[in-house]
>>> print(open('target-v2.cif').read())   # mmCIF, C-alpha atoms
data_run
#
loop_
_atom_site.label_atom_id
_atom_site.label_comp_id
_atom_site.auth_asym_id
_atom_site.auth_seq_id
_atom_site.Cartn_x
_atom_site.Cartn_y
_atom_site.Cartn_z
CA MET A 1 20.44 6.18 31.89
CA THR A 2 19.05 8.49 29.22
CA ALA A 3 16.46 7.43 26.69
CA SER A 4 18.93 7.75 23.82
CA GLU A 5 21.46 5.58 25.65
CA ARG A 6 18.81 2.92 26.01
CA LEU A 7 17.89 3.23 22.34
CA LEU A 8 21.49 2.73 21.23
CA ARG A 9 21.61 -0.40 23.35
CA TYR A 10 18.35 -1.82 22.02
CA VAL A 11 19.06 -1.24 18.32
CA GLN A 12 22.03 -3.60 18.55
CA ILE A 13 19.47 -6.41 18.67
CA GLY A 14 17.86 -7.11 15.31
CA THR A 15 14.12 -7.69 15.73
CA MET A 16 12.64 -7.73 12.23
CA SER A 17 9.20 -9.34 12.15
CA GLU A 18 8.34 -11.70 9.29
CA GLU A 19 5.16 -11.30 7.27
CA GLU A 20 5.16 -14.83 5.92
CA SER A 21 5.62 -16.50 9.30
CA SER A 22 2.68 -17.95 11.20
CA ALA A 23 4.71 -18.33 14.40
CA THR A 24 4.27 -16.18 17.52
CA PRO A 25 6.36 -14.12 17.56
CA SER A 26 6.85 -14.13 13.82
CA SER A 27 10.66 -14.09 14.23
CA SER A 28 12.67 -15.75 16.97
CA CYS A 29 15.08 -12.79 17.18
CA GLN A 30 12.45 -10.78 19.06
CA TRP A 31 12.96 -13.02 22.10
CA GLU A 32 16.44 -11.59 22.63
CA LEU A 33 15.17 -8.07 23.17
CA ALA A 34 12.23 -9.33 25.22
CA LYS A 35 14.57 -11.14 27.61
CA LEU A 36 16.82 -8.10 27.90
CA LEU A 37 13.82 -5.91 28.75
CA GLU A 38 12.52 -8.44 31.27
CA GLN A 39 15.90 -8.38 33.05
CA GLU A 40 16.13 -4.57 32.92
CA MET A 41 12.63 -4.15 34.31
CA ARG A 42 13.34 -6.53 37.19
CA GLU A 43 16.57 -4.70 38.00
CA MET A 44 14.68 -1.38 37.99
CA GLY A 45 12.39 -2.76 40.67
CA LEU A 46 9.17 -2.94 38.70
CA GLN A 47 6.57 -5.35 40.01
CA GLY A 48 4.70 -8.09 38.19
CA VAL A 49 7.40 -8.39 35.53
CA THR A 50 6.33 -11.18 33.21
CA LEU A 51 7.61 -12.46 29.89
CA ALA A 52 4.60 -14.23 28.42
CA GLY A 53 4.70 -17.17 26.06
CA ASN A 54 3.78 -14.95 23.11
CA CYS A 55 6.86 -12.73 23.72
CA THR A 56 4.99 -9.85 25.37
CA VAL A 57 6.76 -8.27 28.35
CA TYR A 58 4.64 -6.84 31.19
CA GLY A 59 5.50 -4.80 34.25
CA ARG A 60 3.91 -2.48 36.77
CA LEU A 61 4.93 0.48 38.91
CA PRO A 62 2.59 0.69 41.91
CA ALA A 63 1.11 4.04 42.85
CA SER A 64 3.17 6.24 45.12
CA ALA A 65 1.92 7.01 48.62
CA GLY A 66 -1.13 9.23 48.51
CA CYS A 67 -1.94 8.48 44.86
CA GLU A 68 -3.48 5.04 45.29
CA SER A 69 -6.89 6.24 44.14
CA ALA A 70 -5.60 7.61 40.83
CA GLN A 71 -6.77 5.81 37.73
CA PRO A 72 -4.12 3.35 36.49
CA VAL A 73 -2.73 4.06 33.03
CA ALA A 74 -0.76 1.86 30.66
CA PHE A 75 2.04 2.73 28.25
CA LEU A 76 2.85 0.34 25.42
CA ALA A 77 5.44 0.07 22.65
CA HIS A 78 6.52 -2.63 20.23
CA MET A 79 9.81 -4.48 19.96
CA ASP A 80 9.83 -5.52 16.29
CA THR A 81 11.07 -3.52 13.33
CA ALA A 82 9.58 -3.41 9.85
CA PRO A 83 10.26 -6.42 7.63
CA ALA A 84 10.53 -4.25 4.52
CA PHE A 85 14.12 -3.17 5.29
CA SER A 86 16.95 -4.79 7.23
CA GLY A 87 17.02 -4.15 10.96
CA ALA A 88 20.00 -6.39 11.69
CA GLY A 89 23.57 -5.18 12.13
CA VAL A 90 22.49 -1.62 12.89
CA SER A 91 25.47 0.74 13.10
CA PRO A 92 24.20 4.13 14.28
CA GLN A 93 25.93 7.41 13.51
CA ILE A 94 25.91 9.91 16.38
CA ILE A 95 26.40 13.52 15.34
CA GLU A 96 26.73 15.95 18.22
CA ASN A 97 25.81 19.61 17.72
CA TYR A 98 24.32 18.81 14.32
CA ASP A 99 24.61 21.75 11.93
CA GLY A 100 21.29 21.15 10.14
CA GLY A 101 22.97 20.27 6.85
CA CYS A 102 23.49 17.24 4.68
CA VAL A 103 24.65 14.04 6.42
CA PRO A 104 26.32 11.21 4.46
CA LEU A 105 25.01 7.89 5.72
CA GLY A 106 28.23 5.94 6.15
CA THR A 107 29.69 4.72 2.88
CA SER A 108 26.29 3.70 1.49
CA GLY A 109 26.12 6.59 -0.95
CA LEU A 110 22.89 7.78 0.66
CA THR A 111 22.54 11.15 2.33
CA LEU A 112 20.17 12.72 4.79
CA ASP A 113 19.37 16.17 3.40
CA ALA A 114 16.85 18.96 3.75
CA GLU A 115 15.66 18.61 0.16
CA ARG A 116 14.08 15.28 1.05
CA PHE A 117 13.49 16.05 4.74
CA PRO A 118 12.68 19.77 5.18
CA HIS A 119 12.52 19.53 8.98
CA LEU A 120 16.25 18.85 9.31
CA PRO A 121 17.30 22.49 9.88
CA SER A 122 14.99 22.55 12.92
CA LEU A 123 17.20 19.89 14.51
CA ARG A 124 20.28 22.14 14.39
CA GLY A 125 22.35 22.03 17.58
CA LYS A 126 20.96 18.70 18.73
CA THR A 127 22.59 15.28 18.93
CA LEU A 128 21.41 13.54 15.76
CA ILE A 129 21.27 9.75 15.56
CA THR A 130 21.12 8.25 12.07
CA THR A 131 21.74 4.96 10.31
CA ASP A 132 24.81 4.18 8.20
CA GLY A 133 22.52 3.78 5.19
CA THR A 134 22.56 -0.02 5.12
CA THR A 135 19.81 -0.69 7.68
CA LEU A 136 16.93 1.06 9.34
CA LEU A 137 17.60 2.50 12.80
CA GLY A 138 14.88 0.82 14.82
CA ALA A 139 13.63 3.93 16.61
CA ASP A 140 10.26 2.60 15.46
CA ASP A 141 9.63 1.56 18.11
CA LYS A 142 12.65 0.98 20.30
CA ALA A 143 12.61 4.71 21.00
CA GLY A 144 9.15 4.26 22.52
CA ILE A 145 10.41 1.45 24.74
CA ALA A 146 13.42 3.51 25.81
CA GLU A 147 11.27 6.53 26.64
CA ILE A 148 8.75 4.54 28.68
CA LEU A 149 11.43 2.85 30.79
CA THR A 150 13.30 6.13 31.27
CA MET A 151 10.07 7.76 32.42
CA LEU A 152 9.53 4.99 34.99
CA GLU A 153 13.11 5.28 36.20
CA ARG A 154 12.71 9.05 36.69
CA LEU A 155 9.46 8.59 38.61
CA MET A 156 11.22 6.27 41.03
CA GLU A 157 14.52 8.13 41.32
CA LYS A 158 12.96 11.56 41.84
CA LYS A 159 10.06 10.19 43.94
CA ILE A 160 7.53 12.00 41.74
CA PRO A 161 3.91 11.38 42.80
CA HIS A 162 2.13 9.05 40.40
CA GLY A 163 -0.71 6.61 40.16
CA GLU A 164 -0.24 2.99 39.15
CA ILE A 165 1.46 2.65 35.77
CA ALA A 166 1.37 -0.51 33.71
CA VAL A 167 3.65 -1.21 30.75
CA ALA A 168 3.70 -3.78 27.98
CA PHE A 169 6.16 -4.30 25.16
CA THR A 170 4.77 -6.36 22.32
CA PRO A 171 6.09 -8.25 19.29
CA ASP A 172 4.87 -8.14 15.70
CA GLU A 173 3.25 -4.71 15.50
CA GLU A 174 4.70 -4.26 12.03
CA VAL A 175 2.81 -7.31 10.75
CA GLY A 176 -0.39 -6.37 12.60
CA ARG A 177 -0.47 -9.20 15.13
CA GLY A 178 1.16 -8.11 18.40
CA ALA A 179 -1.74 -6.27 20.03
CA HIS A 180 -4.08 -9.23 19.60
CA GLY A 181 -1.96 -11.13 22.12
CA VAL A 182 -1.92 -8.53 24.89
CA ASP A 183 -3.47 -9.94 28.05
CA LEU A 184 -5.55 -6.98 29.21
CA ALA A 185 -6.24 -8.56 32.60
CA LEU A 186 -2.53 -9.06 33.20
CA LEU A 187 -1.82 -5.52 32.01
CA GLY A 188 -4.29 -4.29 34.61
CA ALA A 189 -5.12 -0.77 33.39
CA PRO A 190 -8.43 0.48 31.95
CA VAL A 191 -6.84 3.00 29.54
CA GLY A 192 -3.47 3.52 27.93
CA TYR A 193 -1.24 5.12 25.34
CA THR A 194 0.97 3.60 22.70
CA VAL A 195 4.28 5.45 22.32
CA ASP A 196 4.85 4.85 18.63
CA GLY A 197 4.53 8.18 16.82
CA GLY A 198 6.85 10.63 15.12
CA ALA A 199 7.88 14.23 15.75
CA VAL A 200 7.60 15.78 19.20
CA GLY A 201 4.02 16.96 19.78
CA GLU A 202 2.29 14.33 17.67
CA LEU A 203 -0.87 13.09 19.35
CA GLU A 204 -3.04 10.71 17.35
CA TYR A 205 -6.43 9.16 17.93
CA GLU A 206 -7.77 8.75 14.40
CA THR A 207 -6.54 5.94 12.21
CA PHE A 208 -7.54 4.38 8.95
CA ASN A 209 -10.03 1.58 8.71
CA ALA A 210 -7.96 -1.12 7.05
CA ALA A 211 -8.49 -4.26 5.00
CA ALA A 212 -6.29 -6.63 3.02
CA ALA A 213 -7.35 -7.93 -0.38
CA GLN A 214 -5.64 -11.05 -1.70
CA ILE A 215 -6.43 -11.61 -5.36
CA THR A 216 -5.57 -14.77 -7.28
CA VAL A 217 -5.73 -14.77 -11.07
CA ASN A 218 -5.96 -18.14 -12.82
CA GLY A 219 -4.69 -18.09 -16.38
CA ILE A 220 -4.20 -20.65 -19.12
CA SER A 221 -0.66 -21.11 -20.35
CA VAL A 222 -0.02 -22.62 -23.78
CA HIS A 223 2.71 -22.20 -26.36
CA PRO A 224 2.51 -18.61 -27.63
CA GLY A 225 2.72 -19.85 -31.20
CA SER A 226 -0.65 -21.57 -30.90
CA ALA A 227 -2.22 -19.39 -28.24
CA LYS A 228 -4.99 -17.68 -30.21
CA GLY A 229 -8.34 -18.17 -28.58
CA VAL A 230 -6.83 -20.35 -25.83
CA MET A 231 -4.26 -18.47 -23.75
CA LYS A 232 -5.38 -16.40 -20.78
CA ASN A 233 -2.37 -14.43 -19.58
CA ALA A 234 -2.80 -14.07 -15.82
CA LEU A 235 -0.34 -11.18 -15.67
CA LEU A 236 -2.24 -9.15 -18.25
CA ILE A 237 -5.55 -9.96 -16.60
CA ALA A 238 -4.13 -8.79 -13.27
CA MET A 239 -3.10 -5.51 -14.88
CA GLU A 240 -6.56 -5.16 -16.36
CA LEU A 241 -8.18 -5.69 -12.98
CA ASN A 242 -5.97 -3.03 -11.44
CA SER A 243 -7.02 -0.61 -14.21
CA LEU A 244 -10.65 -1.00 -13.09
CA LEU A 245 -9.84 0.51 -9.67
CA PRO A 246 -9.90 4.29 -9.08
CA ASP A 247 -6.59 6.12 -9.30
CA GLU A 248 -6.68 6.71 -5.55
CA VAL A 249 -3.24 5.42 -4.59
CA PRO A 250 -0.95 6.49 -1.73
CA ALA A 251 1.15 8.71 -4.00
CA ASN A 252 -1.96 10.72 -4.92
CA THR A 253 -3.63 11.05 -1.51
CA GLU A 254 -3.14 12.78 1.82
CA GLY A 255 -4.91 13.72 5.05
CA TYR A 256 -8.28 12.00 5.30
CA GLU A 257 -8.16 10.65 1.74
CA GLY A 258 -8.21 6.87 1.53
CA PHE A 259 -6.56 4.68 -1.09
CA TYR A 260 -6.13 1.37 -2.88
CA HIS A 261 -2.51 0.24 -2.60
CA LEU A 262 -1.13 -2.57 -4.74
CA ASP A 263 1.52 -3.71 -2.33
CA ARG A 264 2.77 -6.82 -4.11
CA MET A 265 2.28 -8.59 -7.43
CA GLU A 266 3.89 -11.77 -8.68
CA GLY A 267 3.17 -14.56 -11.11
CA SER A 268 3.36 -15.92 -14.61
CA VAL A 269 1.08 -16.51 -17.57
CA ALA A 270 -0.50 -19.43 -15.72
CA SER A 271 -1.26 -17.67 -12.44
CA ALA A 272 -0.72 -14.40 -10.65
CA LYS A 273 -1.25 -13.04 -7.17
CA MET A 274 -1.91 -9.46 -6.13
CA SER A 275 -1.90 -8.10 -2.58
CA TYR A 276 -3.75 -4.86 -1.89
CA ILE A 277 -4.24 -2.84 1.25
CA LEU A 278 -7.42 -0.78 1.38
CA ARG A 279 -7.61 2.26 3.63
CA ASP A 280 -10.13 4.96 4.57
CA HIS A 281 -10.85 6.97 7.71
CA ASP A 282 -14.59 7.00 6.98
CA ARG A 283 -16.26 3.66 7.67
CA ALA A 284 -18.86 3.98 4.88
CA ARG A 285 -16.21 4.84 2.28
CA PHE A 286 -14.09 1.98 3.61
CA GLU A 287 -16.91 -0.48 3.01
CA ALA A 288 -17.41 1.02 -0.47
CA ARG A 289 -13.74 0.42 -1.30
CA LYS A 290 -14.09 -3.27 -0.53
CA GLN A 291 -17.17 -3.43 -2.74
CA THR A 292 -15.28 -1.72 -5.56
CA VAL A 293 -12.62 -4.45 -5.49
CA GLU A 294 -15.32 -7.12 -5.49
CA ARG A 295 -17.03 -5.50 -8.49
CA ALA A 296 -13.73 -5.36 -10.38
CA ALA A 297 -13.21 -9.07 -9.74
CA ALA A 298 -16.76 -9.83 -10.86
CA ALA A 299 -16.24 -7.84 -14.07
CA ILE A 300 -13.11 -9.83 -14.89
CA ASN A 301 -14.91 -13.11 -14.24
CA ALA A 302 -17.79 -12.01 -16.47
CA LYS A 303 -15.33 -11.29 -19.28
CA TYR A 304 -12.94 -14.24 -18.96
CA GLY A 305 -15.03 -16.89 -17.25
CA ALA A 306 -16.04 -17.85 -13.72
CA GLY A 307 -13.10 -18.63 -11.47
CA THR A 308 -10.61 -16.54 -13.40
CA VAL A 309 -10.28 -14.24 -10.39
CA CYS A 310 -10.73 -15.02 -6.72
CA ALA A 311 -10.75 -12.05 -4.32
CA GLU A 312 -10.43 -12.64 -0.58
CA ILE A 313 -10.90 -9.51 1.51
CA SER A 314 -10.36 -9.39 5.26
CA ASP A 315 -10.55 -6.50 7.70
CA THR A 316 -7.34 -5.67 9.56
CA TYR A 317 -8.26 -2.89 11.99
CA TYR A 318 -10.71 -0.01 12.40
CA ASN A 319 -10.53 3.71 13.09
CA MET A 320 -10.01 3.96 16.84
CA GLU A 321 -11.66 7.41 17.08
CA GLU A 322 -14.97 5.69 17.78
CA LYS A 323 -13.49 4.11 20.93
CA ILE A 324 -11.47 7.16 22.03
CA ARG A 325 -14.31 9.72 21.89
CA PRO A 326 -16.05 8.39 25.05
CA HIS A 327 -12.69 8.72 26.86
CA PHE A 328 -11.57 12.02 25.41
CA TYR A 329 -9.91 12.99 28.68
CA LEU A 330 -7.02 10.86 27.39
CA ILE A 331 -6.45 13.44 24.68
CA GLU A 332 -7.04 16.39 27.01
CA ARG A 333 -4.50 15.11 29.56
CA ALA A 334 -1.88 14.49 26.90
CA LYS A 335 -2.47 17.97 25.45
CA ALA A 336 -2.21 19.54 28.89
CA ALA A 337 1.06 17.74 29.58
CA MET A 338 2.52 18.97 26.29
CA GLU A 339 1.34 22.54 26.68
CA LYS A 340 2.83 22.80 30.19
CA LEU A 341 6.18 21.93 28.59
CA GLY A 342 5.74 24.52 25.85
CA VAL A 343 5.13 21.80 23.25
CA THR A 344 2.40 22.50 20.71
CA PRO A 345 0.18 19.41 20.32
CA VAL A 346 -0.10 18.33 16.70
CA ILE A 347 -3.27 16.34 16.25
CA SER A 348 -3.69 14.79 12.83
CA PRO A 349 -5.10 11.57 11.40
CA VAL A 350 -2.75 8.62 11.25
CA ARG A 351 -2.34 7.51 7.66
CA GLY A 352 -1.95 3.98 8.87
CA GLY A 353 -2.71 2.17 12.07
CA THR A 354 -1.13 1.50 15.43
CA ASP A 355 -1.46 -1.21 18.03
CA GLY A 356 -3.77 1.30 19.67
CA SER A 357 -6.36 0.64 16.97
CA ILE A 358 -6.62 -3.02 17.88
CA LEU A 359 -6.29 -2.41 21.62
CA SER A 360 -9.03 0.23 21.58
CA TYR A 361 -11.45 -2.20 19.97
CA ARG A 362 -10.41 -4.87 22.46
CA GLY A 363 -11.42 -2.61 25.34
CA LEU A 364 -8.29 -0.58 26.11
CA PRO A 365 -8.81 2.97 24.75
CA CYS A 366 -5.33 3.80 23.55
CA PRO A 367 -4.27 6.98 21.65
CA ASN A 368 -0.78 7.24 20.19
CA LEU A 369 2.05 9.50 21.41
CA CYS A 370 5.19 10.84 19.78
CA THR A 371 8.66 9.30 20.07
CA GLY A 372 10.61 12.11 18.35
CA GLY A 373 11.62 9.98 15.37
CA TYR A 374 11.45 10.56 11.62
CA ALA A 375 11.52 8.60 8.35
CA PHE A 376 10.69 5.21 9.82
CA HIS A 377 10.98 1.94 7.88
CA GLY A 378 14.04 2.79 5.85
CA PRO A 379 17.70 3.83 5.80
CA TRP A 380 16.90 7.53 6.36
CA GLU A 381 15.39 6.90 9.79
CA HIS A 382 16.70 9.37 12.37
CA ILE A 383 16.03 10.86 15.80
CA THR A 384 17.70 13.23 18.25
CA ALA A 385 18.66 12.62 21.86
CA GLU A 386 17.06 15.90 22.91
CA ASP A 387 13.72 15.06 21.29
CA MET A 388 13.73 11.71 23.05
CA ASP A 389 14.30 13.54 26.34
CA ARG A 390 11.36 15.79 25.48
CA CYS A 391 9.15 12.77 24.91
CA VAL A 392 10.17 11.41 28.31
CA GLU A 393 9.08 14.73 29.83
CA ILE A 394 5.73 14.41 28.05
CA LEU A 395 5.21 10.94 29.50
CA LEU A 396 6.09 12.24 32.96
CA GLY A 397 3.60 15.06 32.42
CA ILE A 398 0.85 12.61 31.49
CA ALA A 399 1.60 10.58 34.62
CA ALA A 400 1.29 13.80 36.62
CA GLU A 401 -2.05 14.61 34.99
CA PHE A 402 -3.41 11.20 36.02
CA ALA A 403 -2.09 11.62 39.56
CA ALA A 404 -3.66 15.08 39.85
CA ALA A 405 -7.03 13.74 38.71
CA GLU A 406 -7.22 11.09 41.43
CA GLY A 407 -10.52 10.57 43.14
#
>>> encode(input="target-v2.cif", output="structure tokens")
Amino acid sequence: MTASERLLRYVQIGTMSEEESSATPSSSCQWELAKLLEQEMREMGLQGVTLAGNCTVYGRLPASAGCESAQPVAFLAHMDTAPAFSGAGVSPQIIENYDGGCVPLGTSGLTLDAERFPHLPSLRGKTLITTDGTTLLGADDKAGIAEILTMLERLMEKKIPHGEIAVAFTPDEEVGRGAHGVDLALLGAPVGYTVDGGAVGELEYETFNAAAAQITVNGISVHPGSAKGVMKNALLIAMELNSLLPDEVPANTEGYEGFYHLDRMEGSVASAKMSYILRDHDRARFEARKQTVERAAAAINAKYGAGTVCAEISDTYYNMEEKIRPHFYLIERAKAAMEKLGVTPVISPVRGGTDGSILSYRGLPCPNLCTGGYAFHGPWEHITAEDMDRCVEILLGIAAEFAAAEG
């Protein structure tokens, strides 16, 4: 089975995670894919296949004869799709020998075009897989799952020498909780890779440091006709607080530039809530961003009275570069695998995070690899069958690098 065939099978199962849920997994629909993967892995002949109580699926391919001393390596991907856009009822469009031009996305009125996505002409001649414009595709990260399992199948079918390979498929990456539940002892590998990136060649080991800021504004609501000197409009105060922050927002930043992102705001005159995400690659600047939010809250309280604003800031994940640097052979082996295939490694900072960030700080150094997909988290998500095949070849190449380095 090809990786794209697996992907088309997996995307039929909706697996949207739910931000507001405190359950594990955050949505019960993720169990359906987990059970399918458990069955598929058993039928493939993997050992140690386990579906844990937190909806993480584990498996292991023992080392081939003569490679028992090679260092074990893990490959991980996540089962859930982003809660921001529907991942249920996915109806993929498959366009063979794509001409590189504009693609109508079903009858949604949306189109995939080079004006918005300049890379599209480079996909000419390939088999393009898109959405119908009403859902996301789910290549993030069902493509990663498909590529990992296809790599394992090829290793077994073609009897390619390899060391021990561990795999884990996790829930709830999109809401930042899946990697916390990975049982590293059960996984059984000292290092790994997440397969959760974009275009072929992407290789990532630098992420943002990330925090969430939850701000509550307490107003005073009275009849507007007699409000002078009494009313405190929580919505206006929230807007004022936001104006105290630097104009360093996602739409104005790139590369290593961090930001303050007002992700959600709701409320009334009486009370309002604001949700920010704070990001920076540099740890010192990251800490300064948190302090800036705290100072803005303090300034509002000084003006309108103590307790007007309450700011709760919590760290989410940290830049995994610090944990990857002592194991930089992970990057060198991935680069070598790509270069042997004629793929140019593209190393750039992740303007976000991956499960690898959390795993690296938990003791599993874990850079991120490409899946071949584009435009994740929305109706323009797309991927090609050929790029998925290329990513499988990269994974096979990394397995070969580990086998060659045995002893």
>>> resolve_selection(input="target-v2.cif", expression="the PyMOL selection byres ((chain A and resi 293) around 10)", output="list in words")
Ala213, Ile215, Leu241, Asn242, Leu244, Leu245, Pro246, Tyr260, Tyr276, Leu278, Ala288, Arg289, Lys290, Gln291, Thr292, Glu294, Arg295, Ala296, Ala297, Ala298, Ala299, Ala311, Glu312 and Ile313 of chain A
>>> closest_residue(input="target-v2.cif", among="A:Gly267, A:Pro349, A:Gly342, A:Gly373", to="Asp280 of chain A", atoms="all atoms listed in the file")
A:Pro349
>>> resolve_selection(input="target-v2.cif", expression="the PyMOL selection byres ((chain A and resi 74-80) around 7)", output="VMD selection string")
chain A and resid 15 to 17 30 72 to 73 81 to 82 141 to 142 144 to 145 148 165 to 174 189 191 to 196
>>> write_last_selection(input="target-v2.cif", atoms="C-alpha atoms", output="CSV table (one decimal), in the frame of the given file")
chain,number,residue,atom,x,y,z
A,15,THR,CA,14.1,-7.7,15.7
A,16,MET,CA,12.6,-7.7,12.2
A,17,SER,CA,9.2,-9.3,12.2
A,30,GLN,CA,12.4,-10.8,19.1
A,72,PRO,CA,-4.1,3.4,36.5
A,73,VAL,CA,-2.7,4.1,33.0
A,81,THR,CA,11.1,-3.5,13.3
A,82,ALA,CA,9.6,-3.4,9.8
A,141,ASP,CA,9.6,1.6,18.1
A,142,LYS,CA,12.6,1.0,20.3
A,144,GLY,CA,9.2,4.3,22.5
A,145,ILE,CA,10.4,1.4,24.7
A,148,ILE,CA,8.8,4.5,28.7
A,165,ILE,CA,1.5,2.6,35.8
A,166,ALA,CA,1.4,-0.5,33.7
A,167,VAL,CA,3.6,-1.2,30.8
A,168,ALA,CA,3.7,-3.8,28.0
A,169,PHE,CA,6.2,-4.3,25.2
A,170,THR,CA,4.8,-6.4,22.3
A,171,PRO,CA,6.1,-8.2,19.3
A,172,ASP,CA,4.9,-8.1,15.7
A,173,GLU,CA,3.2,-4.7,15.5
A,174,GLU,CA,4.7,-4.3,12.0
A,189,ALA,CA,-5.1,-0.8,33.4
A,191,VAL,CA,-6.8,3.0,29.5
A,192,GLY,CA,-3.5,3.5,27.9
A,193,TYR,CA,-1.2,5.1,25.3
A,194,THR,CA,1.0,3.6,22.7
A,195,VAL,CA,4.3,5.4,22.3
A,196,ASP,CA,4.8,4.8,18.6
>>> atom_distance(input="target-v2.cif", atom1="atom CA of Gly109 of chain A", atom2="atom CA of Leu137 of chain A")
16.7 Å
>>> closest_residue(input="target-v2.cif", among="A:Gly59, A:Pro345, A:Gly353, A:Pro190", to="Leu149 of chain A", atoms="only C-alpha atoms")
A:Gly59
